[in-house]
file upload-v6.cif (mmCIF, C-alpha atoms (C1' of nucleotides))
data_structure
#
loop_
_atom_site.label_atom_id
_atom_site.label_comp_id
_atom_site.auth_asym_id
_atom_site.auth_seq_id
_atom_site.Cartn_x
_atom_site.Cartn_y
_atom_site.Cartn_z
CA MET A 13 -33.88 37.08 -14.87
CA SER A 14 -31.15 39.57 -14.07
CA LYS A 15 -27.60 38.75 -13.23
CA LYS A 16 -25.83 37.79 -10.02
CA PRO A 17 -23.24 40.01 -8.35
CA LYS A 18 -19.82 38.94 -9.47
CA PHE A 19 -17.97 39.85 -6.29
CA ASP A 20 -17.44 37.50 -3.38
CA ARG A 21 -19.01 39.31 -0.45
CA ASP A 22 -17.05 37.41 2.18
CA GLN A 23 -13.77 38.13 0.44
CA VAL A 24 -14.72 41.77 0.00
CA VAL A 25 -15.57 42.19 3.67
CA ALA A 26 -12.39 40.38 4.66
CA ASN A 27 -10.30 42.78 2.57
CA ALA A 28 -12.18 45.78 3.91
CA THR A 29 -11.61 44.51 7.43
CA ASN A 30 -7.87 44.29 6.90
CA LEU A 31 -7.71 47.86 5.69
CA TYR A 32 -9.93 49.27 8.44
CA TRP A 33 -8.09 47.19 11.02
CA GLU A 34 -4.76 48.67 9.98
CA LYS A 35 -5.72 52.31 9.41
CA GLY A 36 -8.71 52.78 11.67
CA TYR A 37 -12.04 54.32 10.81
CA HIS A 38 -11.15 57.94 10.15
CA ALA A 39 -7.87 57.35 8.32
CA THR A 40 -9.49 54.96 5.85
CA SER A 41 -10.85 56.73 2.78
CA MET A 42 -13.48 55.38 0.44
CA ARG A 43 -10.88 55.67 -2.33
CA SER A 44 -8.41 53.36 -0.63
CA LEU A 45 -11.30 51.08 0.28
CA GLN A 46 -12.27 50.89 -3.40
CA ASP A 47 -8.77 49.74 -4.24
CA ALA A 48 -8.60 47.27 -1.36
CA ILE A 49 -11.85 45.52 -2.21
CA ASP A 50 -11.72 46.13 -5.97
CA MET A 51 -15.20 47.60 -6.27
CA ARG A 52 -16.44 50.84 -7.76
CA PRO A 53 -18.37 53.39 -5.63
CA GLY A 54 -21.74 52.49 -7.12
CA SER A 55 -21.41 48.82 -6.26
CA ILE A 56 -20.12 49.56 -2.78
CA TYR A 57 -23.02 51.88 -2.02
CA ALA A 58 -25.52 49.42 -3.50
CA GLU A 59 -24.21 46.68 -1.25
CA PHE A 60 -23.27 48.51 1.96
CA GLY A 61 -25.06 51.87 1.80
CA SER A 62 -22.20 53.99 3.11
CA LYS A 63 -18.68 54.04 4.48
CA ASP A 64 -20.20 53.32 7.88
CA GLY A 65 -22.01 50.31 6.41
CA VAL A 66 -18.75 48.79 5.24
CA PHE A 67 -17.16 49.49 8.61
CA LYS A 68 -20.06 47.90 10.45
CA ALA A 69 -19.80 44.80 8.25
CA SER A 70 -16.07 44.72 8.98
CA LEU A 71 -16.56 44.95 12.74
CA GLU A 72 -19.06 42.11 12.63
CA HIS A 73 -16.78 40.07 10.42
CA TYR A 74 -13.86 40.63 12.79
CA ALA A 75 -15.94 39.63 15.81
CA ARG A 76 -17.14 36.49 14.04
CA LEU A 77 -13.55 35.61 13.14
CA SER A 78 -12.42 36.06 16.75
CA ILE A 79 -15.11 33.83 18.15
CA MET A 80 -14.53 31.20 15.47
CA GLN A 81 -10.85 31.29 16.33
CA LEU A 82 -11.63 30.75 20.00
CA HIS A 83 -13.90 27.81 19.16
CA GLY A 84 -11.29 26.34 16.84
CA ILE A 85 -8.64 26.52 19.54
CA ARG A 86 -11.00 24.97 22.07
CA GLU A 87 -11.69 22.00 19.82
CA ALA A 88 -8.00 21.46 19.13
CA SER A 89 -7.18 21.79 22.81
CA ASP A 90 -7.44 19.23 25.61
CA SER A 91 -8.70 21.66 28.23
CA PRO A 92 -10.72 24.86 28.38
CA LEU A 93 -8.05 26.68 30.36
CA SER A 94 -5.21 25.86 28.00
CA ALA A 95 -7.48 26.89 25.13
CA LEU A 96 -7.90 30.26 26.77
CA LYS A 97 -4.19 30.60 27.27
CA THR A 98 -3.50 29.69 23.65
CA PHE A 99 -6.05 32.25 22.51
CA VAL A 100 -4.46 34.97 24.60
CA LYS A 101 -1.01 34.11 23.26
CA GLN A 102 -2.23 34.21 19.68
CA ALA A 103 -4.00 37.52 20.25
CA VAL A 104 -1.06 39.15 21.99
CA ILE A 105 1.99 37.53 20.39
CA ASP A 106 1.10 36.23 16.93
CA THR A 107 -0.61 39.45 15.87
CA GLN A 108 2.67 41.28 16.42
CA THR A 109 4.02 39.84 13.19
CA ALA A 110 1.06 38.58 11.20
CA ALA A 111 -1.84 41.01 11.36
CA PRO A 112 -2.83 44.39 9.92
CA SER A 113 -2.41 45.84 13.39
CA CYS A 114 -1.17 44.39 16.65
CA MET A 115 -4.14 46.03 18.33
CA CYS A 116 -7.50 44.32 18.59
CA MET A 117 -9.67 45.94 15.92
CA LEU A 118 -12.60 46.20 18.33
CA ALA A 119 -10.55 47.81 21.08
CA LYS A 120 -8.89 50.12 18.57
CA THR A 121 -12.33 51.16 17.35
CA VAL A 122 -13.66 51.79 20.85
CA SER A 123 -10.56 53.84 21.54
CA GLU A 124 -10.87 55.89 18.35
CA LEU A 125 -14.57 56.65 18.10
CA THR A 126 -16.71 59.02 20.15
CA GLU A 127 -20.45 59.24 20.65
CA GLU A 128 -20.49 61.14 17.36
CA GLN A 129 -20.41 57.67 15.79
CA HIS A 130 -22.69 56.12 18.35
CA ASP A 131 -23.93 53.22 16.25
CA LEU A 132 -20.49 52.00 15.19
CA LEU A 133 -19.17 52.44 18.71
CA SER A 134 -22.07 50.41 20.00
CA VAL A 135 -21.38 47.57 17.56
CA ALA A 136 -17.74 47.43 18.67
CA LYS A 137 -18.66 47.47 22.35
CA GLN A 138 -21.20 44.71 21.99
CA ALA A 139 -18.79 42.60 19.98
CA LEU A 140 -16.22 42.87 22.75
CA LYS A 141 -18.87 41.93 25.25
CA SER A 142 -19.82 38.84 23.27
CA VAL A 143 -16.19 37.74 23.16
CA GLU A 144 -16.07 38.24 26.92
CA ASN A 145 -19.15 36.04 27.22
CA ARG A 146 -17.30 33.23 25.44
CA PHE A 147 -14.56 33.66 27.99
CA VAL A 148 -17.12 33.23 30.75
CA ALA A 149 -18.36 30.02 29.16
CA LEU A 150 -14.85 28.60 28.85
CA ILE A 151 -13.97 29.55 32.42
CA SER A 152 -17.15 27.92 33.74
CA GLU A 153 -16.21 24.85 31.80
CA ALA A 154 -12.76 24.99 33.38
CA GLN A 155 -14.34 25.22 36.81
CA GLN A 156 -16.42 22.11 36.17
CA ALA A 157 -13.28 20.35 35.00
CA GLY A 158 -11.53 21.35 38.20
CA GLU A 159 -8.99 23.56 36.42
CA VAL A 160 -10.28 26.66 38.14
CA GLY A 161 -11.53 26.90 41.70
CA GLN A 162 -15.32 26.87 42.14
CA ASP A 163 -14.95 29.77 44.53
CA LYS A 164 -13.84 32.05 41.70
CA ASN A 165 -16.29 34.21 39.80
CA ALA A 166 -16.24 33.32 36.11
CA SER A 167 -17.50 36.75 34.99
CA GLU A 168 -14.84 38.53 36.98
CA LEU A 169 -12.15 36.29 35.57
CA ALA A 170 -13.39 36.90 32.03
CA ARG A 171 -13.32 40.63 32.66
CA PHE A 172 -9.83 40.28 34.05
CA LEU A 173 -8.75 38.49 30.87
CA GLN A 174 -10.17 41.20 28.61
CA ILE A 175 -8.33 43.85 30.56
CA GLN A 176 -5.07 41.93 30.40
CA ILE A 177 -5.32 41.26 26.68
CA THR A 178 -6.06 44.89 25.90
CA GLY A 179 -3.34 46.14 28.20
CA LEU A 180 -0.75 43.71 26.88
CA ARG A 181 -1.48 44.41 23.21
CA MET A 182 -1.36 48.14 23.84
CA TYR A 183 1.89 47.81 25.76
CA ALA A 184 3.40 45.67 23.03
CA LYS A 185 2.62 48.34 20.46
CA THR A 186 3.99 51.05 22.74
CA SER A 187 7.24 49.30 23.44
CA ASP A 188 9.98 48.92 20.85
CA GLU A 189 12.15 46.68 22.99
CA ASN A 190 11.40 43.00 23.32
CA VAL A 191 8.87 42.50 26.06
CA PRO A 192 8.64 39.00 27.61
CA LEU A 193 5.02 38.65 26.53
CA GLU A 194 4.93 34.87 26.73
CA LYS A 195 6.20 34.81 30.28
CA MET A 196 3.77 37.54 31.25
CA ILE A 197 0.85 35.55 29.86
CA ASP A 198 1.98 32.42 31.67
CA ASP A 199 2.09 34.46 34.85
CA LEU A 200 -1.48 35.61 34.27
CA PHE A 201 -2.72 32.06 34.56
CA ASN A 202 -0.36 30.97 37.31
CA HIS A 203 -1.04 33.69 39.84
CA TYR A 204 -3.88 35.71 41.29
CA PRO A 205 -6.69 35.78 40.37
CA PHE A 206 -6.53 32.37 38.67
CA MET B 25 10.36 97.38 17.22
CA SER B 26 7.74 94.80 16.28
CA LYS B 27 4.96 93.57 18.46
CA LYS B 28 4.58 90.62 20.78
CA PRO B 29 2.24 87.71 20.03
CA LYS B 30 -1.04 88.33 21.77
CA PHE B 31 -2.02 84.72 22.30
CA ASP B 32 -1.09 82.72 25.40
CA ARG B 33 0.84 79.79 24.03
CA ASP B 34 0.22 77.58 27.07
CA GLN B 35 -3.50 78.20 26.94
CA VAL B 36 -3.55 77.58 23.21
CA VAL B 37 -1.73 74.27 23.55
CA ALA B 38 -4.00 73.29 26.44
CA ASN B 39 -7.09 73.92 24.32
CA ALA B 40 -5.61 72.08 21.34
CA THR B 41 -4.79 69.16 23.63
CA ASN B 42 -8.37 68.90 24.82
CA LEU B 43 -9.67 68.77 21.27
CA TYR B 44 -7.08 66.26 20.04
CA TRP B 45 -7.55 64.19 23.19
CA GLU B 46 -11.26 63.93 22.56
CA LYS B 47 -11.35 63.44 18.80
CA GLY B 48 -8.01 61.84 18.06
CA TYR B 49 -5.51 62.85 15.42
CA HIS B 50 -7.33 62.04 12.19
CA ALA B 51 -10.79 63.19 13.25
CA THR B 52 -9.52 66.61 14.29
CA SER B 53 -9.57 69.13 11.45
CA MET B 54 -7.56 72.31 11.26
CA ARG B 55 -10.87 74.15 11.04
CA SER B 56 -12.14 72.83 14.37
CA LEU B 57 -8.69 73.43 15.81
CA GLN B 58 -8.85 77.06 14.72
CA ASP B 59 -12.10 77.44 16.62
CA ALA B 60 -10.83 75.60 19.70
CA ILE B 61 -7.69 77.69 20.08
CA ASP B 62 -9.12 80.89 18.56
CA MET B 63 -6.30 81.42 16.10
CA ARG B 64 -6.33 81.97 12.35
CA PRO B 65 -4.47 79.62 9.98
CA GLY B 66 -1.60 82.02 9.38
CA SER B 67 -0.83 82.42 13.06
CA ILE B 68 -1.10 78.69 13.70
CA TYR B 69 1.31 77.85 10.89
CA ALA B 70 3.69 80.59 11.98
CA GLU B 71 3.78 79.17 15.49
CA PHE B 72 3.49 75.40 14.95
CA GLY B 73 4.35 74.80 11.31
CA SER B 74 1.64 72.25 10.59
CA LYS B 75 -1.22 70.21 11.97
CA ASP B 76 1.38 67.67 13.08
CA GLY B 77 3.27 70.41 14.86
CA VAL B 78 0.22 71.30 16.95
CA PHE B 79 -0.38 67.63 17.69
CA LYS B 80 3.22 67.12 18.76
CA ALA B 81 2.99 70.12 21.08
CA SER B 82 -0.23 68.66 22.49
CA LEU B 83 1.32 65.24 23.13
CA GLU B 84 4.22 66.87 24.93
CA HIS B 85 1.88 69.07 26.91
CA TYR B 86 -0.22 66.08 27.91
CA ALA B 87 2.83 64.12 29.00
CA ARG B 88 4.10 67.06 31.02
CA LEU B 89 0.70 67.40 32.69
CA SER B 90 0.64 63.71 33.59
CA ILE B 91 4.05 63.78 35.18
CA MET B 92 3.25 67.00 37.04
CA GLN B 93 0.09 65.38 38.31
CA LEU B 94 2.04 62.38 39.55
CA HIS B 95 4.54 64.65 41.32
CA GLY B 96 1.73 66.67 42.82
CA ILE B 97 0.08 63.58 44.21
CA ARG B 98 3.36 62.32 45.58
CA GLU B 99 3.97 65.53 47.48
CA ALA B 100 0.46 65.54 48.90
CA SER B 101 0.74 61.89 49.85
CA ASP B 102 2.37 60.28 52.84
CA SER B 103 3.81 57.33 50.95
CA PRO B 104 5.04 56.53 47.44
CA LEU B 105 2.76 53.52 47.12
CA SER B 106 -0.41 55.32 48.11
CA ALA B 107 0.60 58.09 45.71
CA LEU B 108 0.74 55.55 42.93
CA LYS B 109 -2.63 54.16 43.88
CA THR B 110 -4.17 57.62 43.96
CA PHE B 111 -2.70 58.36 40.56
CA VAL B 112 -4.14 55.18 39.09
CA LYS B 113 -7.54 55.95 40.56
CA GLN B 114 -7.52 59.44 39.15
CA ALA B 115 -6.44 58.17 35.74
CA VAL B 116 -9.00 55.40 35.61
CA ILE B 117 -11.96 56.73 37.58
CA ASP B 118 -11.89 60.53 37.58
CA THR B 119 -11.34 60.77 33.83
CA GLN B 120 -14.62 58.94 33.30
CA THR B 121 -16.51 62.07 34.17
CA ALA B 122 -14.11 64.97 33.89
CA ALA B 123 -11.91 64.65 30.83
CA PRO B 124 -12.16 65.03 27.06
CA SER B 125 -11.82 61.25 26.78
CA CYS B 126 -11.65 58.50 29.37
CA MET B 127 -8.74 57.06 27.40
CA CYS B 128 -5.17 58.14 28.02
CA MET B 129 -4.34 60.50 25.16
CA LEU B 130 -0.95 58.85 24.68
CA ALA B 131 -2.36 55.34 24.55
CA LYS B 132 -5.15 56.49 22.28
CA THR B 133 -2.58 58.00 19.95
CA VAL B 134 -0.41 54.88 19.92
CA SER B 135 -3.53 52.88 19.15
CA GLU B 136 -4.65 55.16 16.33
CA LEU B 137 -1.47 55.95 14.45
CA THR B 138 0.61 53.74 12.19
CA GLU B 139 4.18 54.02 10.98
CA GLU B 140 2.80 56.39 8.36
CA GLN B 141 2.99 59.00 11.15
CA HIS B 142 6.25 57.68 12.54
CA ASP B 143 7.39 60.86 14.25
CA LEU B 144 4.15 61.49 16.14
CA LEU B 145 3.89 57.83 17.07
CA SER B 146 7.42 57.98 18.39
CA VAL B 147 6.66 61.01 20.55
CA ALA B 148 3.66 59.25 22.09
CA LYS B 149 5.62 56.07 22.76
CA GLN B 150 8.48 57.90 24.41
CA ALA B 151 6.09 59.92 26.53
CA LEU B 152 4.47 56.74 27.81
CA LYS B 153 7.92 55.36 28.51
CA SER B 154 8.86 58.43 30.52
CA VAL B 155 5.69 58.10 32.61
CA GLU B 156 6.63 54.49 33.20
CA ASN B 157 10.06 55.63 34.36
CA ARG B 158 8.42 57.80 37.01
CA PHE B 159 6.54 54.72 38.15
CA VAL B 160 9.86 52.92 38.49
CA ALA B 161 11.21 55.74 40.62
CA LEU B 162 8.17 55.72 42.90
CA ILE B 163 8.25 51.95 43.26
CA SER B 164 11.94 52.00 44.12
CA GLU B 165 11.15 54.61 46.72
CA ALA B 166 8.40 52.36 48.04
CA GLN B 167 10.87 49.51 48.28
CA GLN B 168 13.28 51.60 50.32
CA ALA B 169 10.38 52.59 52.56
CA GLY B 170 9.52 48.91 53.04
CA GLU B 171 6.14 49.24 51.31
CA VAL B 172 7.17 46.89 48.54
CA GLY B 173 9.37 43.84 48.89
CA GLN B 174 13.00 44.26 47.92
CA ASP B 175 12.77 41.00 46.01
CA LYS B 176 10.38 42.59 43.51
CA ASN B 177 11.60 44.12 40.27
CA ALA B 178 10.63 47.79 40.10
CA SER B 179 10.72 47.91 36.29
CA GLU B 180 8.45 44.91 36.01
CA LEU B 181 6.01 46.38 38.49
CA ALA B 182 5.97 49.68 36.60
CA ARG B 183 5.28 47.82 33.37
CA PHE B 184 2.55 45.91 35.13
CA LEU B 185 0.97 49.18 36.23
CA GLN B 186 1.02 50.63 32.73
CA ILE B 187 -0.69 47.54 31.39
CA GLN B 188 -3.34 47.63 34.10
CA ILE B 189 -4.08 51.32 33.65
CA THR B 190 -4.43 50.96 29.89
CA GLY B 191 -6.52 47.83 30.19
CA LEU B 192 -8.80 49.30 32.83
CA ARG B 193 -9.38 52.56 30.98
CA MET B 194 -10.12 50.71 27.78
CA TYR B 195 -12.47 48.35 29.59
CA ALA B 196 -14.25 51.23 31.28
CA LYS B 197 -14.89 52.84 27.91
CA THR B 198 -16.07 49.54 26.47
CA SER B 199 -18.49 48.79 29.24
CA ASP B 200 -21.73 50.68 29.71
CA GLU B 201 -22.62 49.01 33.01
CA ASN B 202 -21.03 50.11 36.24
CA VAL B 203 -17.72 48.34 36.66
CA PRO B 204 -16.26 48.20 40.20
CA LEU B 205 -13.16 50.08 39.12
CA GLU B 206 -12.19 51.22 42.60
CA LYS B 207 -12.27 47.71 44.01
CA MET B 208 -10.31 46.41 41.04
CA ILE B 209 -7.59 49.00 41.59
CA ASP B 210 -7.42 48.19 45.28
CA ASP B 211 -6.98 44.54 44.31
CA LEU B 212 -4.10 45.47 42.01
CA PHE B 213 -2.07 46.70 44.95
CA ASN B 214 -3.19 44.03 47.41
CA HIS B 215 -2.41 40.94 45.39
CA TYR B 216 0.22 39.56 43.07
CA PRO B 217 2.52 40.97 41.88
CA PHE B 218 2.62 43.64 44.60
"C1'" DA C 26 3.92 111.75 15.23
"C1'" DC C 27 6.12 108.66 12.38
"C1'" DT C 28 7.67 104.45 10.73
"C1'" DG C 29 9.74 99.60 10.40
"C1'" DG C 30 8.62 95.22 10.99
"C1'" DA C 31 6.48 91.49 13.49
"C1'" DA C 32 1.99 89.48 14.10
"C1'" DA C 33 -2.76 88.59 12.69
"C1'" DT C 34 -6.08 88.03 9.20
"C1'" DG C 35 -9.07 85.40 6.08
"C1'" DA C 36 -9.79 84.60 1.19
"C1'" DA C 37 -8.29 81.29 -1.70
"C1'" DC C 38 -5.64 77.10 -3.48
"C1'" DG C 39 -5.40 72.39 -5.19
"C1'" DA C 40 -6.30 67.96 -3.27
"C1'" DT C 41 -9.19 64.82 -1.47
"C1'" DC C 42 -13.31 63.63 1.06
"C1'" DG C 43 -17.96 60.70 0.99
"C1'" DT C 44 -21.49 60.15 -2.16
"C1'" DT C 45 -24.64 60.17 -6.36
"C1'" DC C 46 -26.37 58.79 -10.69
"C1'" DA C 47 -26.85 58.49 -15.69
"C1'" DA C 48 -25.07 55.42 -18.86
"C1'" DG C 49 -23.16 50.98 -20.06
"C1'" DT C 50 -22.86 45.93 -19.50
"C1'" DT C 51 -24.37 41.35 -18.73
"C1'" DA C 52 -27.03 37.26 -17.54
"C1'" DT C 53 -31.45 35.34 -17.49
"C1'" DA C 54 -36.46 34.42 -18.92
"C1'" DT C 55 -39.38 34.39 -22.60
"C1'" DA D 30 -33.19 36.77 -30.72
"C1'" DT D 31 -35.05 40.03 -27.77
"C1'" DA D 32 -36.51 42.30 -23.62
"C1'" DT D 33 -35.82 43.08 -19.01
"C1'" DA D 34 -33.94 43.83 -14.81
"C1'" DA D 35 -29.82 43.43 -12.00
"C1'" DC D 36 -25.35 44.83 -11.67
"C1'" DT D 37 -21.20 47.65 -12.85
"C1'" DT D 38 -18.94 51.68 -14.08
"C1'" DG D 39 -16.55 56.10 -13.45
"C1'" DA D 40 -17.25 60.95 -14.13
"C1'" DA D 41 -18.80 64.39 -11.41
"C1'" DC D 42 -20.85 66.86 -7.23
"C1'" DG D 43 -20.55 69.91 -3.30
"C1'" DA D 44 -18.13 69.85 0.98
"C1'" DT D 45 -14.20 69.90 3.43
"C1'" DC D 46 -9.34 68.90 3.90
"C1'" DG D 47 -4.40 71.02 5.16
"C1'" DT D 48 -2.00 74.85 3.76
"C1'" DT D 49 -0.38 79.41 1.67
"C1'" DC D 50 0.21 84.26 1.28
"C1'" DA D 51 -1.02 89.03 0.04
"C1'" DT D 52 -2.93 92.22 2.90
"C1'" DT D 53 -4.01 94.62 7.10
"C1'" DT D 54 -3.25 95.65 11.92
"C1'" DC D 55 -0.66 97.02 15.60
"C1'" DC D 56 3.06 98.25 18.63
"C1'" DA D 57 8.04 99.46 19.76
"C1'" DG D 58 11.87 102.64 18.87
"C1'" DT D 59 13.12 107.00 17.25
#
call {"tool": "encode", "arguments": {"input": "upload-v6.cif", "output": "structure tokens"}}
result
Amino acid sequence: MSKKPKFDRDQVVANATNLYWEKGYHATSMRSLQDAIDMRPGSIYAEFGSKDGVFKASLEHYARLSIMQLHGIREASDSPLSALKTFVKQAVIDTQTAAPSCMCMLAKTVSELTEEQHDLLSVAKQALKSVENRFVALISEAQQAGEVGQDKNASELARFLQIQITGLRMYAKTSDENVPLEKMIDDLFNHYPF
Amino acid sequence: MSKKPKFDRDQVVANATNLYWEKGYHATSMRSLQDAIDMRPGSIYAEFGSKDGVFKASLEHYARLSIMQLHGIREASDSPLSALKTFVKQAVIDTQTAAPSCMCMLAKTVSELTEEQHDLLSVAKQALKSVENRFVALISEAQQAGEVGQDKNASELARFLQIQITGLRMYAKTSDENVPLEKMIDDLFNHYPF
DNA sequence: ACTGGAAATGAACGATCGTTCAAGTTATAT
DNA sequence: ATATAACTTGAACGATCGTTCATTTCCAGT
């Protein structure tokens, strides 16, 4: 009995993500969200419960996308280290022209929110941590393949990468001139601490 | 004739800055601003014109503070390079416990705003650029003092510093565990590219 | 003391916010 | 065909948004 929802949840969350990613949490209104995902308030609240519910679903969707992207690159790549480098270049360079925002949505969220939105902040933090954990796995793999010295600490290198990605994306948004991002990323992997 | 304004503009802007710094642009309401600076709407609009006007004044105040802080540290320091390091440590570590937000207000603003708020975004970007220019000056001074190799490019090093500061502050906010920030900053100045 | 005018006040405006819910629609099971 | 329950709809709610402005307060100059 009954009828099935006619909307495509994945597509809806993807559209919501793009809007939230561009505008941020506070600047996104339920009204603009309704337009972006083509749903009426009642349906949205039945499915997601609240504006926060949609945002949480978006954060999780974004994190899933990021990790899938990293896995995809790894499989298409001949080495774990070059996969990492490709991922960094995509995150820093490709998003400049082909994304709702050149910032990482998770980092942007952590930057925007305070403890007033503790739950959402927590989701964003944990998502960033889980991406970092994938970095650790790839770096360990690189160590076993001899691409990275065994004396290095994989966790520290992963942390280093997160800091560089965030810093570079922020700097790219700050700067209007053309910054040699590609060269800077190459340098990351060619010098200390790699 | 007439009477003089009874509020202390500097104090008012300082209070507004603290609120905006903590909450960000969109999450700060004129109502909470009125409380924070203890002014009524009419007086605020007479003095600043709009919510954006107060925010602009706050961004400029924050930038001025940052540069004054850097100068202060330089004068109290025996070398340009150690002044830089002290500044980075204050920005990254001390703000964790004693500031409205552990993020840089300018970076946070660049992260939050879109071209929809072009003017404010532009003010934040230029302020960050002017801080970076002070870094260039200090690094050049360090080169003349023999603290940094003459073969290095001062502009590139300044850019590097901006990226590290932003990345570290973001990472510190992301991470709940204790991150060895001090050691990481020491490493910055002890290894490539310095 | 008086007064002109700048400064401060806070009620109020229309717009928009996140959210609710009664009514309407539709697909399925009988 | 009909009944039922799931899903959709959009008007409407009270709260709050950024902003305005008629009014009141207060001080400087005479």
call {"tool": "resolve_selection", "arguments": {"input": "upload-v6.cif", "expression": "the PyMOL selection byres ((chain D and resi 50-56) around 12)", "output": "list in words"}}
result
Met25, Ser26, Lys27, Lys28, Pro29, Lys30, Pro65, Gly66, Ser67, Tyr69 and Ala70 of chain B; DT28, DG29, DG30, DA31, DA32, DA33, DT34, DG35, DA36, DA37 and DC38 of chain C; DT48, DT49, DA57 and DG58 of chain D
call {"tool": "residues_around", "arguments": {"input": "upload-v6.cif", "residues": "Leu133 in chain A", "least_positions_apart": "3", "cutoff": "10 Å", "atoms": "all atoms listed in the file", "output": "list in words"}}
result
Lys68, Leu71, Leu118, Thr121, Val122, Ser123, Glu124, Leu125, Thr126, Glu127, Glu128, Gln129, His130, Ala136, Lys137, Gln138 and Ala139 of chain A; Thr198 of chain B
call {"tool": "resolve_selection", "arguments": {"input": "upload-v6.cif", "expression": "the PyMOL selection byres ((chain D and resi 46) around 8)", "output": "MDAnalysis selection string"}}
result
(chainID B and resid 53) or (chainID C and resid 40:42) or (chainID D and resid 45 47)
call {"tool": "residues_around", "arguments": {"input": "upload-v6.cif", "residues": "Val112 in chain B", "least_positions_apart": "2", "cutoff": "12 Å", "atoms": "all atoms listed in the file", "output": "PyMOL selection string"}}
result
chain B and resi 90+93-94+97+105-110+114-119+128+159+182+185-193+205-206+208-210+212-213
call {"tool": "atom_distance", "arguments": {"input": "upload-v6.cif", "atom1": "CA of Arg183 in chain B", "atom2": "CA of Tyr44 in chain B"}}
result
25.9 Å
call {"tool": "interface_residues", "arguments": {"input": "upload-v6.cif", "of": "chain D", "to": "chain A", "cutoff": "12 Å", "atoms": "all atoms listed in the file", "output": "PyMOL selection string"}}
result
chain D and resi 32-40
call {"tool": "atom_distance", "arguments": {"input": "upload-v6.cif", "atom1": "CA of Lys63 in chain A", "atom2": "CA of Lys132 in chain B"}}
result
22.5 Å
call {"tool": "closest_atom_pairs", "arguments": {"input": "upload-v6.cif", "of": "chain C", "to": "chain A", "cutoff": "12 Å", "atoms": "all atoms listed in the file", "output": "CSV"}}
result
residue,atom,partner,partner_atom,distance
C:DT41,C1',A:Ser41,CA,9.3
C:DC42,C1',A:Ser41,CA,7.5
C:DG43,C1',A:Met42,CA,7.0
C:DT44,C1',A:Ser62,CA,8.1
C:DT45,C1',A:Gly54,CA,8.2
C:DC46,C1',A:Gly54,CA,8.6
C:DA47,C1',A:Gly54,CA,11.6
C:DT50,C1',A:Lys15,CA,10.6
C:DT51,C1',A:Lys15,CA,6.9
C:DA52,C1',A:Lys15,CA,4.6
C:DT53,C1',A:Met13,CA,4.0
C:DA54,C1',A:Met13,CA,5.5
C:DT55,C1',A:Met13,CA,9.9
call {"tool": "atom_distance", "arguments": {"input": "upload-v6.cif", "atom1": "CA of Phe218 in chain B", "atom2": "CA of Ser152 in chain A"}}
result
27.5 Å
call {"tool": "closest_residue", "arguments": {"input": "upload-v6.cif", "among": "A:Glu144, A:Glu34, A:Glu72, A:Asp20", "to": "chain B", "atoms": "only C-alpha atoms"}}
result
A:Glu34
call {"tool": "closest_residue", "arguments": {"input": "upload-v6.cif", "among": "A:Gln23, A:Gln155, A:Ser70, A:Ser134", "to": "chain B", "atoms": "all atoms listed in the file"}}
result
A:Ser134
call {"tool": "closest_residue", "arguments": {"input": "upload-v6.cif", "among": "B:Gly48, B:Arg88, B:Ser179, B:Ala196", "to": "Thr121 in chain B", "atoms": "all atoms listed in the file"}}
result
B:Ala196
call {"tool": "closest_residue", "arguments": {"input": "upload-v6.cif", "among": "A:Ala166, A:Ala39, A:Ile79, A:Val24", "to": "chain B", "atoms": "all atoms listed in the file"}}
result
A:Ala39
call {"tool": "closest_residue", "arguments": {"input": "upload-v6.cif", "among": "B:Glu99, B:Ser125, B:Glu71, B:Gln120", "to": "Lys47 in chain B", "atoms": "all atoms listed in the file"}}
result
B:Ser125
call {"tool": "closest_residue", "arguments": {"input": "upload-v6.cif", "among": "B:Ala169, B:Gly96, B:Met127, B:Asn177", "to": "chain A", "atoms": "all atoms listed in the file"}}
result
B:Met127
